[in-house]
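For reference, the structure is listed below as structure tokens.
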Amino acid sequence: MEDKEQTPDGDVSRRKFLVASAAVAAGVVASSRPALAQAPAAPAGKLHVKALPREIFIDHGLNQETRLETLRGYVTPASHFFVRNHTNTPVLDLGAWRLRVEGNAIERPREFRFDDLLRLPSRSVTCFVECAGNGRGFFGEFMGKVASGTQWRLGAIGVAEWTGVPLGAVLELAGVKRDTPRDILNVLVEGLDSVKVNRPISLTKALEDDTLLAYAMNGEPVAPDHGFPLRAIVPGWVGINNIKWVGRIEVRDSVIEVPTTTRSYVLEGPDYPSKVVLRQQVIKSALALPWGATLPAGPQRLRGFAWSPAGRISKVEVSTDRGTNWRPAALREPNVARAWTRWDIEWDARPGEHVIITRATDDQGATQPASVKWNAQGYGYNVPVPHPVKVV
Ligand SMILES: Nc1nc2c(c(=O)[nH]1)N[C@H]1C(S)=C(S)[C@@H](COP(=O)(O)O)O[C@H]1N2
Ligand SMILES: [Mo]
């Protein structure tokens with residue numbers, strides 16, 4: 001894989017994109033399968049399949065950030081779910097699709113068809129998928145030192161009910177050799193996008209009940225932009241682990257090193273003597289208003305979201321006076337661990353320029369910190385942010 005295509009949140013090279021879209025245009029993915037078994041085709045030259053209205057998404061090109069203020073329910077519908085692609089969305093044919101499970105720690109390498117997976121016991125998990133770089137823009141905005149990659153604020157997250165088969169059930173059918181190390185990154189999940197984005201997780205994480213190969217999102221087939229026909233769901237871990245368009249899994253007896261663990265998705269910079277390979281996300285909260293919103297004076301109900309990779313949210317505090325006083329927000333159900341909770345609080349808005357700051361705590365005792373170490377690729381920014389709001 002070329003370095004250029006693996007830069008954190010960087011765009012795929014223009015050349016590679018032209019090749020990929022030419023393949024779509026030439027009908028390379030077409031087949032004689034019944035229409036029902038096919039994903040909708042992305043018009044040639046388009047990066048994505050779904051509509052991306054500017055009222056719902058902030059446009060970062062390949063990457064599309066959800067405007068959290070447009071969300072109404074607990075789960076994020078596919079129409080509103082952020083998109084983080086390393087290259088354009090591939091349009092896969094379900095009939096031709098296969099999942100290969102192989103590697104030197106696998107007893108019986110084998111291939112699964114989609115129907116084989118549907119015959120296995122099904123499991124549903126409600127959790128977030130959140131980009132490791134969610135909040136990256138704040139390194140530049142509040143630390144004065146821009147980190148490389150898409151300058152997200154806090155909309156690179158969505159929560160869905162994912163349904164599929166536990167990854168462990170599939171690994172069990174292929175047989176994982178005894179004595180395979182459990183806590184190193186040796187279970188590689190690979191996508192069928194043109195640059196074959198892949199990332200290894202540990203066997204321990206792979207065998208957790210809630211780690212899924214998901215074929216449904218909020219009760220519907222996973223949409224093309226979100227990984228049709230199958231994506232990995234690795235609750236609590238950074239977004240890259242939730243590989244879309246899964247086509248191959250490799251289990252080895254040793255660490256699997258790929259660009260997503262050696263080059264990107266690592267913490268590095270002046271404050272990191274050695275690179276730290278990312279696994280788990282960090283606790284965060286967000287106000288569901290446009291950045292720089294304008295509100296009318298008078299009583300308002302502020303609302304937002306809070307989420308943690310480890311537990312349920314136990315507290316959200318809100319300051320409307322630049323951090324001097326904090327008040328607890330009401331937490332609304334559902335409040336699912338590794339998904340999120342919605343919160344709201346009343347605010348008597350007086351005319352002028354304000355900032356609203358929110359700070360989440362989870363039931364494991366984790367709280368958003370007062371500071372975070374800068375890192376070159378801008379991961380893990382979770383300091384409470386002063387969200388600007390103008391009252392007129
Ligand atoms: N095959 C593949 N899987 C992928 C990616 C990708 O580019 N290709 N992007 C990853 C990243 S960095 C994130 S944050 C999530 C985003 O998932 P979404 O686009 O469904 O929101 O998918 C992950 N899985
Ligand atoms: Mo990501």
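If you're wondering about the labels, chains in the structure tokens are A, B, ... by order shown, residues count from 1 in each chain, ligands from 1 in order shown.
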Open item on the list: When you look at A:Ser202 with a cut-off of 8 Å (counting only C-alpha atoms), what residues show up, excluding the ones that are within fewer than 4 positions of it in the same chain? I need them as a PyMOL selection string.
Closed with: chain A and resi 182-187+206
Task: Selection within 8 Å of ligand 1 by only C-alpha atoms and all ligand atoms, output as number ranges by chain - done: A: 8-9, 63, 81-87, 129-133, 156-158, 190-193, 195-198, 225-227, 231-232, 238-246
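You can rank A:Leu117, A:Ile313, A:Val234, A:Val125 by their closest distance to A:Asp363 using only C-alpha atoms, and at the top of that list sits A:Ile313.
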Open item on the list: Set the distance at 8 Å and use only C-alpha atoms: which residues neighbour stretch 102-107 of chain A once local chain neighbours fewer than 2 positions away are removed? I'd like the list as a list in words.
Closed with: Arg100, Pro109, Arg110, Ala174, Gly175, Val176, Lys177, Thr180, Arg248, Ile249, Glu250, Val251, Arg252 and Asp253 of chain A
Could you save the residues just selected, with N, CA, C and O atoms, as an mmCIF file, in the first residue's frame?
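Result written to out-v9.cif:
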data_model
loop_
_atom_site.group_PDB
_atom_site.id
_atom_site.type_symbol
_atom_site.label_atom_id
_atom_site.label_comp_id
_atom_site.auth_asym_id
_atom_site.auth_seq_id
_atom_site.Cartn_x
_atom_site.Cartn_y
_atom_site.Cartn_z
ATOM 1 N N ARG A 100 -13.075 -14.272 3.575
ATOM 2 C CA ARG A 100 -12.010 -15.267 3.769
ATOM 3 C C ARG A 100 -11.451 -15.158 5.169
ATOM 4 O O ARG A 100 -11.165 -14.059 5.637
ATOM 5 N N PRO A 109 -8.605 -22.677 7.371
ATOM 6 C CA PRO A 109 -8.914 -21.482 6.577
ATOM 7 C C PRO A 109 -10.181 -21.748 5.774
ATOM 8 O O PRO A 109 -10.357 -22.858 5.258
ATOM 9 N N ARG A 110 -11.073 -20.768 5.738
ATOM 10 C CA ARG A 110 -12.307 -21.018 4.987
ATOM 11 C C ARG A 110 -12.949 -19.739 4.484
ATOM 12 O O ARG A 110 -12.565 -18.637 4.872
ATOM 13 N N ALA A 174 -13.661 -21.288 12.047
ATOM 14 C CA ALA A 174 -12.391 -21.486 11.335
ATOM 15 C C ALA A 174 -11.332 -22.076 12.270
ATOM 16 O O ALA A 174 -10.320 -22.609 11.806
ATOM 17 N N GLY A 175 -11.566 -21.980 13.566
ATOM 18 C CA GLY A 175 -10.660 -22.546 14.552
ATOM 19 C C GLY A 175 -9.417 -21.691 14.766
ATOM 20 O O GLY A 175 -8.583 -21.557 13.880
ATOM 21 N N VAL A 176 -9.319 -21.097 15.949
ATOM 22 C CA VAL A 176 -8.103 -20.348 16.291
ATOM 23 C C VAL A 176 -7.207 -21.296 17.080
ATOM 24 O O VAL A 176 -7.651 -21.930 18.041
ATOM 25 N N LYS A 177 -5.970 -21.425 16.656
ATOM 26 C CA LYS A 177 -5.042 -22.355 17.319
ATOM 27 C C LYS A 177 -4.851 -21.997 18.787
ATOM 28 O O LYS A 177 -4.789 -20.817 19.137
ATOM 29 N N THR A 180 -2.549 -19.065 20.815
ATOM 30 C CA THR A 180 -2.414 -17.820 20.054
ATOM 31 C C THR A 180 -2.419 -16.657 21.051
ATOM 32 O O THR A 180 -3.309 -16.600 21.912
ATOM 33 N N ARG A 248 -11.835 -9.967 4.301
ATOM 34 C CA ARG A 248 -10.796 -10.914 4.717
ATOM 35 C C ARG A 248 -10.435 -10.666 6.170
ATOM 36 O O ARG A 248 -10.411 -9.513 6.628
ATOM 37 N N ILE A 249 -10.197 -11.766 6.874
ATOM 38 C CA ILE A 249 -9.728 -11.695 8.260
ATOM 39 C C ILE A 249 -8.517 -12.608 8.365
ATOM 40 O O ILE A 249 -8.532 -13.728 7.842
ATOM 41 N N GLU A 250 -7.481 -12.088 8.985
ATOM 42 C CA GLU A 250 -6.265 -12.888 9.136
ATOM 43 C C GLU A 250 -5.894 -12.932 10.613
ATOM 44 O O GLU A 250 -5.841 -11.898 11.269
ATOM 45 N N VAL A 251 -5.657 -14.136 11.123
ATOM 46 C CA VAL A 251 -5.247 -14.278 12.522
ATOM 47 C C VAL A 251 -3.852 -14.893 12.548
ATOM 48 O O VAL A 251 -3.621 -15.948 11.948
ATOM 49 N N ARG A 252 -2.950 -14.215 13.210
ATOM 50 C CA ARG A 252 -1.563 -14.689 13.266
ATOM 51 C C ARG A 252 -1.119 -14.935 14.696
ATOM 52 O O ARG A 252 -1.718 -14.450 15.645
ATOM 53 N N ASP A 253 0.003 -15.646 14.801
ATOM 54 C CA ASP A 253 0.565 -15.925 16.121
ATOM 55 C C ASP A 253 1.488 -14.800 16.587
ATOM 56 O O ASP A 253 2.128 -14.902 17.624
#
- [ ] Using DSSP on the backbone, list every residue of stretch 85-258 of chain A that comes out as strand (DSSP E or B), and give them as an MDAnalysis selection string.
- [x] chainID A and resid 93 99:102 106 110:112 123:130 157:166 176 185:191 198:202 212:217 220:221 231:233 237 246:251
Open item on the list: Report, in Å to a single decimal, how far apart atom CA of A:Trp291 and atom CA of A:Asp59 are.
Closed with: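 Interatomic distance, atom CA of A:Asp59 to atom CA of A:Trp291: 14.5 Å.
The closest residue to ligand 2, picked from A:Pro90, A:Gly269, A:Gly135, A:Gly365 and counting only C-alpha atoms and all ligand atoms, is A:Gly135.
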Open item on the list: Quick check for you: according to DSSP on this backbone, which residues of stretch 150-278 of chain A are classed as helix (DSSP H, G or I)? Reply as number ranges by chain.
Closed with: A: 167-174, 203-206, 224-226, 239-241, 259-262
- [ ] Go through A:Ser79, A:Asn325, A:Ser264, A:Thr163 one by one, measure the shortest atom-to-atom distance of each to A:Val277 using only C-alpha atoms, and give the residue with the smallest value.
- [x] A:Ser264
Open item on the list: Env of A:Arg332: 8 Å cut, atoms = only C-alpha atoms, seq-sep filter 4 positions within chain, self excluded. Answer as a list in words.
Closed with: Thr341, Arg342, Trp343 and Asp344 of chain A
TODO: Enter the distance from atom CA of A:Ala339 to atom CA of A:Thr126, in Å, rounded to one decimal.
DONE: 6.2 Å
Open item on the list: Here is a test: counting only C-alpha atoms, which residue of A:Ala337, A:Leu62, A:Ala329, A:Leu203 is nearest to A:Thr89?
Closed with: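 Looking at the shortest contact to A:Thr89, the residue is A:Leu62.
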